[in-house]
$ cat input.cif   # mmCIF, C-alpha atoms
data_upload
loop_
_atom_site.label_atom_id
_atom_site.label_comp_id
_atom_site.auth_asym_id
_atom_site.auth_seq_id
_atom_site.Cartn_x
_atom_site.Cartn_y
_atom_site.Cartn_z
CA MET A 235 12.57 -19.51 5.67
CA SER A 236 9.92 -21.10 3.44
CA LEU A 237 8.36 -17.81 2.32
CA ILE A 238 8.58 -16.61 -1.29
CA THR A 239 8.11 -12.88 -1.85
CA THR A 240 6.76 -11.55 -5.15
CA VAL A 241 7.21 -7.94 -6.26
CA THR A 242 4.73 -6.33 -8.67
CA CYS A 243 5.73 -2.76 -9.43
CA ASN A 244 2.76 -2.13 -11.74
CA VAL A 245 -0.20 -3.83 -10.04
CA ALA A 246 -3.44 -4.02 -12.03
CA ILE A 247 -7.04 -5.06 -11.78
CA ASP A 248 -7.36 -7.68 -14.50
CA LYS A 249 -10.78 -7.44 -16.11
CA ILE A 250 -11.80 -10.04 -18.67
CA TYR A 251 -14.75 -9.12 -20.90
CA HIS A 252 -16.58 -11.83 -22.82
CA LEU A 253 -18.40 -10.59 -25.92
CA GLU A 254 -20.47 -12.40 -28.52
CA ARG A 255 -18.49 -10.54 -31.17
CA VAL A 256 -16.06 -7.63 -31.38
CA GLN A 257 -17.20 -4.84 -33.70
CA VAL A 258 -15.18 -1.64 -34.11
CA GLY A 259 -17.32 1.49 -33.87
CA LYS A 260 -20.35 -0.39 -32.53
CA LEU A 261 -22.07 -0.63 -29.15
CA MET A 262 -20.99 -3.90 -27.53
CA ARG A 263 -22.52 -5.39 -24.40
CA VAL A 264 -20.40 -7.60 -22.16
CA GLU A 265 -21.98 -11.03 -21.63
CA LYS A 266 -19.74 -11.96 -18.71
CA ALA A 267 -17.02 -10.12 -16.81
CA THR A 268 -14.31 -11.42 -14.48
CA ALA A 269 -12.12 -9.23 -12.24
CA LEU A 270 -9.07 -10.25 -10.21
CA PRO A 271 -6.05 -8.51 -8.68
CA GLY A 272 -3.36 -8.78 -11.32
CA GLY A 273 0.09 -7.92 -12.54
CA LYS A 274 2.69 -10.63 -13.08
CA GLY A 275 3.93 -10.88 -9.51
CA ILE A 276 0.41 -11.18 -8.09
CA ASN A 277 -0.36 -13.93 -10.62
CA VAL A 278 2.78 -15.77 -9.50
CA ALA A 279 1.74 -15.33 -5.86
CA ARG A 280 -1.72 -16.74 -6.63
CA VAL A 281 -0.22 -19.90 -8.13
CA LEU A 282 2.15 -20.36 -5.19
CA ARG A 283 -0.69 -19.90 -2.70
CA ARG A 284 -2.88 -22.43 -4.51
CA LEU A 285 -0.05 -24.96 -4.46
CA GLY A 286 0.33 -24.53 -0.70
CA GLN A 287 3.55 -22.47 -0.77
CA PRO A 288 3.76 -19.60 1.77
CA VAL A 289 3.95 -16.35 -0.18
CA LEU A 290 3.86 -12.59 0.32
CA ALA A 291 3.06 -9.99 -2.36
CA THR A 292 4.45 -6.48 -2.38
CA GLY A 293 4.82 -3.60 -4.84
CA PHE A 294 3.01 -0.32 -5.51
CA ILE A 295 -0.75 0.26 -5.26
CA ALA A 296 -2.85 3.42 -5.35
CA GLY A 297 -6.33 4.80 -4.79
CA PHE A 298 -9.68 3.01 -4.64
CA ASN A 299 -8.48 0.31 -7.02
CA GLY A 300 -5.54 -0.36 -4.73
CA ALA A 301 -7.87 -0.77 -1.75
CA TRP A 302 -9.93 -3.25 -3.81
CA VAL A 303 -6.75 -5.21 -4.60
CA ARG A 304 -5.91 -5.46 -0.89
CA HIS A 305 -9.44 -6.64 -0.08
CA ARG A 306 -9.50 -9.31 -2.76
CA LEU A 307 -6.06 -10.63 -1.83
CA ASP A 308 -7.25 -10.93 1.76
CA GLU A 309 -10.14 -13.03 0.47
CA GLU A 310 -7.70 -15.24 -1.44
CA GLY A 311 -5.49 -15.70 1.60
CA ILE A 312 -2.49 -14.04 -0.05
CA ALA A 313 -0.42 -12.06 2.48
CA HIS A 314 0.70 -8.63 1.28
CA ASP A 315 2.67 -5.54 2.23
CA PHE A 316 2.12 -2.93 -0.49
CA ILE A 317 3.44 0.61 -0.72
CA GLU A 318 0.73 3.24 -1.24
CA VAL A 319 1.53 5.86 -3.91
CA GLU A 320 -0.35 8.79 -5.41
CA GLY A 321 -2.83 8.17 -8.23
CA GLU A 322 -4.88 5.09 -9.08
CA THR A 323 -3.94 1.45 -9.65
CA ARG A 324 -4.43 0.67 -13.34
CA LEU A 325 -6.97 -1.48 -15.16
CA SER A 326 -5.89 -4.21 -17.54
CA ILE A 327 -8.71 -5.23 -19.87
CA THR A 328 -8.66 -8.48 -21.85
CA ILE A 329 -11.22 -9.38 -24.52
CA PRO A 330 -10.89 -13.02 -25.67
CA ASP A 331 -11.76 -13.64 -29.32
CA PRO A 332 -15.07 -15.59 -29.23
CA ARG A 333 -13.75 -17.75 -32.11
CA GLY A 334 -10.67 -18.75 -30.12
CA ARG A 335 -8.23 -16.66 -32.16
CA GLY A 336 -6.24 -15.02 -29.41
CA GLN A 337 -7.29 -12.02 -27.37
CA THR A 338 -7.23 -8.22 -27.35
CA GLU A 339 -5.59 -6.48 -24.40
CA ILE A 340 -5.98 -2.84 -23.31
CA LEU A 341 -3.44 -1.86 -20.66
CA GLU A 342 -3.48 1.37 -18.68
CA PRO A 343 -0.06 2.83 -17.76
CA GLY A 344 -0.43 2.79 -13.96
CA PRO A 345 0.26 5.53 -11.39
CA PRO A 346 3.59 7.38 -11.68
CA ILE A 347 6.16 6.78 -8.96
CA THR A 348 8.97 8.90 -7.56
CA GLY A 349 12.53 8.29 -6.47
CA GLN A 350 11.31 8.27 -2.86
CA ASP A 351 8.76 5.56 -3.76
CA GLU A 352 11.59 3.48 -5.23
CA ALA A 353 13.69 3.93 -2.10
CA THR A 354 10.76 2.80 0.05
CA LEU A 355 10.27 -0.28 -2.13
CA LEU A 356 13.95 -1.19 -1.85
CA GLY A 357 13.68 -1.07 1.93
CA VAL A 358 10.49 -3.14 2.07
CA VAL A 359 11.82 -5.78 -0.33
CA ARG A 360 15.13 -6.01 1.52
CA GLN A 361 13.24 -6.50 4.79
CA TRP A 362 11.08 -9.31 3.39
CA ALA A 363 14.04 -10.90 1.64
CA ARG A 364 15.52 -11.66 5.04
CA GLU A 365 12.41 -13.75 5.75
CA SER A 366 12.32 -15.40 2.31
CA ARG A 367 14.04 -18.19 0.47
CA ALA A 368 13.47 -16.46 -2.89
CA VAL A 369 12.16 -13.19 -4.33
CA ALA A 370 10.41 -12.86 -7.71
CA LEU A 371 10.51 -9.50 -9.52
CA CYS A 372 7.79 -9.49 -12.15
CA GLY A 373 6.17 -7.34 -14.80
CA SER A 374 6.48 -3.89 -16.29
CA LEU A 375 7.64 -0.78 -14.47
CA PRO A 376 5.16 2.07 -13.91
CA PRO A 377 5.61 5.59 -15.30
CA GLY A 378 8.42 7.50 -13.64
CA ALA A 379 10.33 4.40 -12.57
CA SER A 380 14.07 4.22 -13.23
CA PRO A 381 14.83 1.52 -15.81
CA ASP A 382 17.46 0.07 -13.45
CA LEU A 383 14.99 -0.39 -10.56
CA TYR A 384 14.91 -4.17 -10.98
CA ALA A 385 18.70 -4.30 -11.27
CA ARG A 386 19.02 -2.46 -7.97
CA LEU A 387 16.46 -4.79 -6.38
CA VAL A 388 18.38 -7.84 -7.62
CA GLU A 389 21.59 -6.49 -6.11
CA ALA A 390 19.91 -5.57 -2.79
CA VAL A 391 18.18 -8.94 -2.38
CA GLN A 392 21.14 -11.06 -3.42
CA ALA A 393 23.35 -9.09 -1.04
CA GLU A 394 21.16 -10.70 1.64
CA GLY A 395 22.05 -14.13 0.23
CA VAL A 396 18.59 -14.67 -1.28
CA PRO A 397 18.11 -15.72 -4.94
CA VAL A 398 16.04 -13.59 -7.32
CA ALA A 399 13.82 -14.63 -10.22
CA LEU A 400 13.34 -11.88 -12.83
CA ASP A 401 10.47 -11.73 -15.33
CA THR A 402 10.26 -8.44 -17.18
CA SER A 403 11.04 -6.98 -20.61
CA GLY A 404 12.90 -4.30 -22.53
CA GLU A 405 15.51 -2.11 -20.84
CA PRO A 406 14.58 -3.27 -17.30
CA LEU A 407 15.31 -6.84 -18.43
CA ARG A 408 18.62 -5.95 -20.06
CA LEU A 409 19.79 -3.99 -16.99
CA GLY A 410 18.43 -6.63 -14.63
CA LEU A 411 20.42 -9.36 -16.40
CA ALA A 412 23.63 -7.44 -15.70
CA ALA A 413 22.92 -7.84 -11.95
CA ARG A 414 23.17 -11.67 -12.39
CA PRO A 415 19.84 -12.92 -10.96
CA PHE A 416 19.36 -16.59 -10.10
CA LEU A 417 16.65 -17.07 -12.74
CA VAL A 418 15.39 -15.15 -15.76
CA LYS A 419 12.18 -16.00 -17.62
CA PRO A 420 11.39 -13.92 -20.70
CA ASN A 421 8.84 -15.06 -23.25
CA ARG A 422 9.78 -15.38 -26.92
CA ASP A 423 8.92 -11.79 -27.86
CA GLU A 424 10.77 -10.36 -24.85
CA PHE A 425 13.81 -12.51 -25.58
CA GLN A 426 13.92 -11.51 -29.24
CA VAL A 427 14.16 -7.85 -28.22
CA LEU A 428 17.50 -8.84 -26.63
CA ALA A 429 18.72 -11.46 -29.08
CA GLY A 430 17.17 -10.41 -32.38
CA PRO A 431 14.89 -12.53 -34.61
CA LEU A 432 15.20 -16.25 -33.94
CA TRP A 433 14.06 -18.77 -36.53
CA GLY A 434 13.77 -22.38 -35.42
CA ARG A 435 14.69 -24.32 -32.32
CA ARG A 436 18.43 -24.41 -32.96
CA ALA A 437 18.70 -20.62 -33.22
CA LEU A 438 16.66 -20.26 -30.04
CA TRP A 439 18.80 -22.84 -28.26
CA GLN A 440 22.07 -21.16 -29.26
CA ALA A 441 20.83 -17.71 -28.29
CA ALA A 442 19.59 -18.93 -24.90
CA LEU A 443 22.95 -20.61 -24.25
CA GLU A 444 24.78 -17.41 -25.13
CA TRP A 445 22.59 -15.20 -22.93
CA SER A 446 22.65 -17.59 -20.00
CA GLU A 447 26.44 -17.55 -20.09
CA ARG A 448 26.62 -13.79 -20.60
CA SER A 449 24.24 -13.04 -17.72
CA GLY A 450 25.62 -15.64 -15.31
CA THR A 451 22.15 -16.88 -14.38
CA GLU A 452 21.68 -20.36 -12.99
CA TRP A 453 18.39 -20.69 -14.89
CA PHE A 454 17.58 -19.04 -18.22
CA ILE A 455 14.08 -20.02 -19.36
CA VAL A 456 12.25 -18.85 -22.47
CA THR A 457 8.52 -19.58 -22.47
CA LEU A 458 7.03 -20.09 -25.92
CA GLY A 459 3.27 -20.15 -25.45
CA ASP A 460 1.68 -23.14 -27.17
CA GLU A 461 5.14 -24.34 -28.28
CA GLY A 462 6.31 -25.09 -24.73
CA ALA A 463 9.52 -23.75 -23.20
CA LEU A 464 13.31 -23.93 -23.50
CA ALA A 465 15.39 -23.97 -20.30
CA VAL A 466 19.15 -23.69 -19.77
CA HIS A 467 20.41 -24.73 -16.34
CA ARG A 468 23.92 -24.02 -15.09
CA ALA A 469 24.28 -25.57 -11.64
CA LYS A 470 26.03 -23.67 -8.87
CA GLN A 471 29.78 -23.96 -8.92
CA PRO A 472 31.50 -24.10 -5.52
CA GLY A 473 32.95 -20.79 -4.44
CA THR A 474 31.00 -18.77 -7.01
CA PRO A 475 29.29 -15.86 -5.22
CA GLY A 476 25.74 -14.92 -6.06
CA ARG A 477 24.79 -18.31 -7.51
CA TRP A 478 22.41 -20.78 -5.90
CA SER A 479 21.14 -24.24 -6.69
CA GLY A 480 18.80 -25.39 -3.93
CA LEU A 481 17.91 -28.40 -6.08
CA ALA A 482 18.00 -32.00 -5.00
CA ALA A 483 19.92 -33.01 -8.10
CA GLY A 484 21.57 -31.55 -11.16
CA ASN A 485 24.85 -31.48 -12.99
CA SER A 486 28.16 -30.40 -11.53
CA GLY A 487 28.18 -27.08 -13.34
CA ASP A 488 30.85 -28.16 -15.89
CA GLU A 489 28.35 -28.15 -18.75
CA PRO A 490 24.91 -26.55 -18.94
CA GLU A 491 21.82 -28.72 -19.05
CA ILE A 492 19.36 -27.84 -21.80
CA PHE A 493 15.72 -28.87 -21.60
CA TRP A 494 12.89 -28.64 -24.11
CA VAL A 495 9.51 -28.72 -22.36
CA ALA A 496 6.78 -29.91 -24.70
CA PRO A 497 3.41 -28.13 -24.46
CA LEU A 498 0.39 -29.89 -23.02
CA ARG A 499 -2.65 -29.93 -25.27
CA VAL A 500 -5.69 -28.74 -23.33
CA ARG A 501 -8.93 -26.98 -24.23
CA PRO A 502 -8.12 -23.24 -24.05
CA VAL A 503 -10.31 -20.97 -21.98
CA ASN A 504 -7.79 -18.25 -21.09
CA THR A 505 -4.13 -17.65 -21.94
CA LEU A 506 -3.67 -14.58 -19.73
CA GLY A 507 -1.14 -15.36 -16.99
CA SER A 508 0.18 -18.64 -18.40
CA GLY A 509 3.81 -17.49 -18.29
CA ASP A 510 3.29 -16.26 -14.73
CA SER A 511 1.79 -19.63 -13.82
CA PHE A 512 4.84 -21.34 -15.31
CA LEU A 513 7.11 -19.26 -13.08
CA GLY A 514 4.93 -19.84 -10.02
CA GLY A 515 4.99 -23.59 -10.59
CA PHE A 516 8.73 -23.59 -11.13
CA LEU A 517 9.39 -21.69 -7.89
CA ALA A 518 7.06 -24.00 -5.97
CA GLY A 519 9.04 -26.99 -7.26
CA TRP A 520 12.34 -25.32 -6.49
CA ALA A 521 11.22 -24.47 -2.94
CA ALA A 522 10.24 -28.12 -2.45
CA GLY A 523 13.76 -29.24 -3.43
CA ARG A 524 12.82 -30.85 -6.74
CA ASP A 525 15.42 -31.70 -9.36
CA PRO A 526 15.56 -29.62 -12.58
CA GLU A 527 13.13 -31.80 -14.52
CA GLY A 528 10.75 -31.88 -11.57
CA CYS A 529 10.68 -28.08 -11.40
CA LEU A 530 10.01 -27.81 -15.12
CA ARG A 531 7.35 -30.51 -15.00
CA LEU A 532 5.41 -28.65 -12.30
CA ALA A 533 5.89 -25.36 -14.15
CA ALA A 534 4.47 -26.73 -17.41
CA ALA A 535 1.52 -28.32 -15.59
CA CYS A 536 0.67 -24.97 -13.95
CA ALA A 537 0.86 -23.14 -17.28
CA ALA A 538 -1.52 -25.67 -18.85
CA ALA A 539 -3.86 -25.59 -15.85
CA ASN A 540 -4.01 -21.80 -16.19
CA VAL A 541 -5.22 -22.12 -19.79
CA MET A 542 -8.13 -24.26 -18.59
CA VAL A 543 -9.63 -21.69 -16.16
CA MET A 544 -10.80 -18.10 -16.32
CA GLY A 545 -8.52 -15.79 -14.38
CA PRO A 546 -4.69 -15.49 -14.43
CA GLY A 547 -3.01 -17.86 -11.99
CA ALA A 548 -6.31 -19.32 -10.76
CA VAL A 549 -5.04 -22.88 -11.19
CA GLU A 550 -6.68 -25.86 -9.51
CA LYS A 551 -4.21 -28.00 -7.54
CA GLU A 552 -5.90 -31.26 -8.55
CA ALA A 553 -5.73 -30.31 -12.23
CA VAL A 554 -2.04 -29.44 -11.86
CA GLN A 555 -1.32 -32.84 -10.29
CA ASN A 556 -3.13 -34.65 -13.10
CA LEU A 557 -1.41 -32.66 -15.85
CA GLU A 558 2.02 -33.06 -14.30
CA GLN A 559 2.03 -36.78 -15.15
CA LYS A 560 1.63 -35.92 -18.85
CA VAL A 561 4.46 -33.41 -19.24
CA GLU A 562 7.19 -34.50 -21.66
CA ILE A 563 10.70 -33.09 -21.32
CA GLU A 564 13.61 -33.62 -23.69
CA ARG A 565 17.18 -33.20 -22.48
CA TRP A 566 19.36 -31.74 -25.24
CA THR A 567 23.10 -32.02 -25.65
#

$ encode --input "input.cif" --output "C-alpha cells"
Amino acid sequence: MSLITTVTCNVAIDKIYHLERVQVGKLMRVEKATALPGGKGINVARVLRRLGQPVLATGFIAGFNGAWVRHRLDEEGIAHDFIEVEGETRLSITIPDPRGRGQTEILEPGPPITGQDEATLLGVVRQWARESRAVALCGSLPPGASPDLYARLVEAVQAEGVPVALDTSGEPLRLGLAARPFLVKPNRDEFQVLAGPLWGRRALWQAALEWSERSGTEWFIVTLGDEGALAVHRAKQPGTPGRWSGLAAGNSGDEPEIFWVAPLRVRPVNTLGSGDSFLGGFLAGWAAGRDPEGCLRLAAACAAANVMVMGPGAVEKEAVQNLEQKVEIERWT
C-alpha cells in the first residue's frame, strides 16, 4: 500500500494575476495569468506526484469548473475520485505585489454541501484508505459542511489502521485535534487561534509542546513562512492505539523530539502553496521510511522550491534535491 490519498473538501481553481501595479478604483489589465487546480489537498497531491509518490486526490467538485479540474489533473497525471455536488467549484484569485511585498488573495466560498454529500465523502475516503498508507485532510470546509467533518474523517480512516495528516484551521482544526490524528500542521496564524498570541521562539515551543501532548499527535508541526518551521515529534509507544511511526529511526517515545527547521533563502516568485508543499514533502519522506530529520529536510526543500516557481505545488524534483542539501535543522532539548 504505497498510495497516499489527499482530501480537498473545498477545491478551487487557483488563478494568479500579474499586474504592473494595483490601483483601487482603476481599470487594471492583467499582464500574465496562471491557472491550476487548487485547494490545499490538491497542492499536496501535486508535490507528491512530482516526487514520484503514488497519490490519489478526492473531495468535492462542481459544475464546469469541476470538469476543468478533472481535465487538468488528468494532464498532470494525478489520479482522482471526486464527488460531484450541486453548484460551481470556486475560484481563488491571487495578485502578487509587483514590488515583492506579499500578495492579495480573493477567495470565493465554494459550493454548499449537504449531509448526504458528507456521508458520500466518508464512504469514498474510507474505501481509498484501505488502499493507502496515509490520508491527508487539507484546507477549509465549504459552506454547509459540519465543523466536525474532518474529525469524523480522522476517526473513520484511523479505524482502518491508516494514519491521518490534518491541515486546516479554526473550529475544524480544534475538533479534528480531538480525534487524535497522526500529524497536524497549522501555520502560525492558525495555531495562534488555538493557543493565543505567541511572542518569540520559546513561547511558540512551549505552546507546541502543550498542544502536541493535549492532542496526542505523533507529529505537531507549525510552519512559519520565511521563518522556517517548528516540529514536535512523539514517537509511537508500544501498545498505544491510534499512533503510528513508520519512520526508520526516532526516539523511544519517552521524551518528545523538538526540531527547528531554518528557512532556505531563495529568490521569491510565489508563496502560494508553500505550506502545502512542506506537507507534501514531509509525507513523501515519511512514505519512503526516512528518519524525522530526513522528513523535515525534504519538507523544507519542497517549501523553498515552491517559492521559486509560479503555481502552488509545482515544484521541480531536481531543485528539491539541490535545496535539500542546504537545509539546516536544530534539535532542541

$ resolve_selection --input "input.cif" --expression "the PyMOL selection byres ((chain A and resi 557-561) around 6)" --output "ChimeraX atom specification"
/A:531-532,535,554-556,562

$ closest_atom_pairs --input "input.cif" --of "range 385-419 of chain A" --to "range 268-284 of chain A" --cutoff "12 Å" --atoms "all atoms listed in the file" --output "CSV"
residue,atom,partner,partner_atom,distance
A:Ala399,CA,A:Gly275,CA,10.6
A:Leu400,CA,A:Gly275,CA,10.0
A:Asp401,CA,A:Lys274,CA,8.2
A:Thr402,CA,A:Lys274,CA,8.9
A:Ser403,CA,A:Lys274,CA,11.8
A:Lys419,CA,A:Lys274,CA,11.8

$ resolve_selection --input "input.cif" --expression "the PyMOL selection byres ((chain A and resi 565) around 7)" --output "compact mmCIF listing (two decimals) with C-alpha atoms, in the coordinates of the input"
# COMPACT_ATOMS: atom_id res chain seq x y z
CA ILE A 492 19.36 -27.84 -21.80
CA PHE A 493 15.72 -28.87 -21.60
CA TRP A 494 12.89 -28.64 -24.11
CA ILE A 563 10.70 -33.09 -21.32
CA GLU A 564 13.61 -33.62 -23.69
CA TRP A 566 19.36 -31.74 -25.24
CA THR A 567 23.10 -32.02 -25.65

$ closest_residue --input "input.cif" --among "A:Leu237, A:Ala534, A:Val500, A:Ala441" --to "Arg364 in chain A" --atoms "only C-alpha atoms"
A:Leu237

$ residues_around --input "input.cif" --residues "Gln392 in chain A" --least-positions-apart "6" --cutoff "12 Å" --atoms "all atoms listed in the file" --output "PDB file with C-alpha atoms, in the frame of the given file"
ATOM      1  CA  VAL A 359      11.820  -5.780  -0.330  1.00  0.00           C
ATOM      2  CA  ARG A 360      15.130  -6.010   1.520  1.00  0.00           C
ATOM      3  CA  ALA A 363      14.040 -10.900   1.640  1.00  0.00           C
ATOM      4  CA  ARG A 364      15.520 -11.660   5.040  1.00  0.00           C
ATOM      5  CA  SER A 366      12.320 -15.400   2.310  1.00  0.00           C
ATOM      6  CA  ARG A 367      14.040 -18.190   0.470  1.00  0.00           C
ATOM      7  CA  ALA A 368      13.470 -16.460  -2.890  1.00  0.00           C
ATOM      8  CA  VAL A 369      12.160 -13.190  -4.330  1.00  0.00           C
ATOM      9  CA  ALA A 370      10.410 -12.860  -7.710  1.00  0.00           C
ATOM     10  CA  TYR A 384      14.910  -4.170 -10.980  1.00  0.00           C
ATOM     11  CA  ALA A 385      18.700  -4.300 -11.270  1.00  0.00           C
ATOM     12  CA  ARG A 386      19.020  -2.460  -7.970  1.00  0.00           C
ATOM     13  CA  VAL A 398      16.040 -13.590  -7.320  1.00  0.00           C
ATOM     14  CA  ALA A 399      13.820 -14.630 -10.220  1.00  0.00           C
ATOM     15  CA  ALA A 413      22.920  -7.840 -11.950  1.00  0.00           C
ATOM     16  CA  ARG A 414      23.170 -11.670 -12.390  1.00  0.00           C
ATOM     17  CA  PRO A 415      19.840 -12.920 -10.960  1.00  0.00           C
ATOM     18  CA  PHE A 416      19.360 -16.590 -10.100  1.00  0.00           C
ATOM     19  CA  LEU A 417      16.650 -17.070 -12.740  1.00  0.00           C
ATOM     20  CA  PRO A 475      29.290 -15.860  -5.220  1.00  0.00           C
ATOM     21  CA  GLY A 476      25.740 -14.920  -6.060  1.00  0.00           C
ATOM     22  CA  ARG A 477      24.790 -18.310  -7.510  1.00  0.00           C
ATOM     23  CA  TRP A 478      22.410 -20.780  -5.900  1.00  0.00           C
TER      24      TRP A 478
END

$ atom_distance --input "input.cif" --atom1 "CA of Pro345 in chain A" --atom2 "CA of His305 in chain A"
19.2 Å

$ decode --input "input.cif" --residues "range 283-294 of chain A" --atoms "C-alpha atoms" --output "JSON list (two decimals), in the first residue's frame"
[["chain", "number", "residue", "atom", "x", "y", "z"],
["A", 283, "ARG", "CA", 3.20, 13.24, -7.77],
["A", 284, "ARG", "CA", 6.23, 15.32, -8.79],
["A", 285, "LEU", "CA", 8.38, 13.49, -6.25],
["A", 286, "GLY", "CA", 7.32, 10.14, -7.69],
["A", 287, "GLN", "CA", 4.95, 9.13, -4.86],
["A", 288, "PRO", "CA", 1.70, 7.39, -5.95],
["A", 289, "VAL", "CA", -1.20, 9.62, -4.94],
["A", 290, "LEU", "CA", -4.96, 9.95, -5.35],
["A", 291, "ALA", "CA", -6.98, 13.15, -4.87],
["A", 292, "THR", "CA", -10.58, 13.22, -3.72],
["A", 293, "GLY", "CA", -13.06, 15.73, -2.31],
["A", 294, "PHE", "CA", -15.97, 17.78, -3.67]]
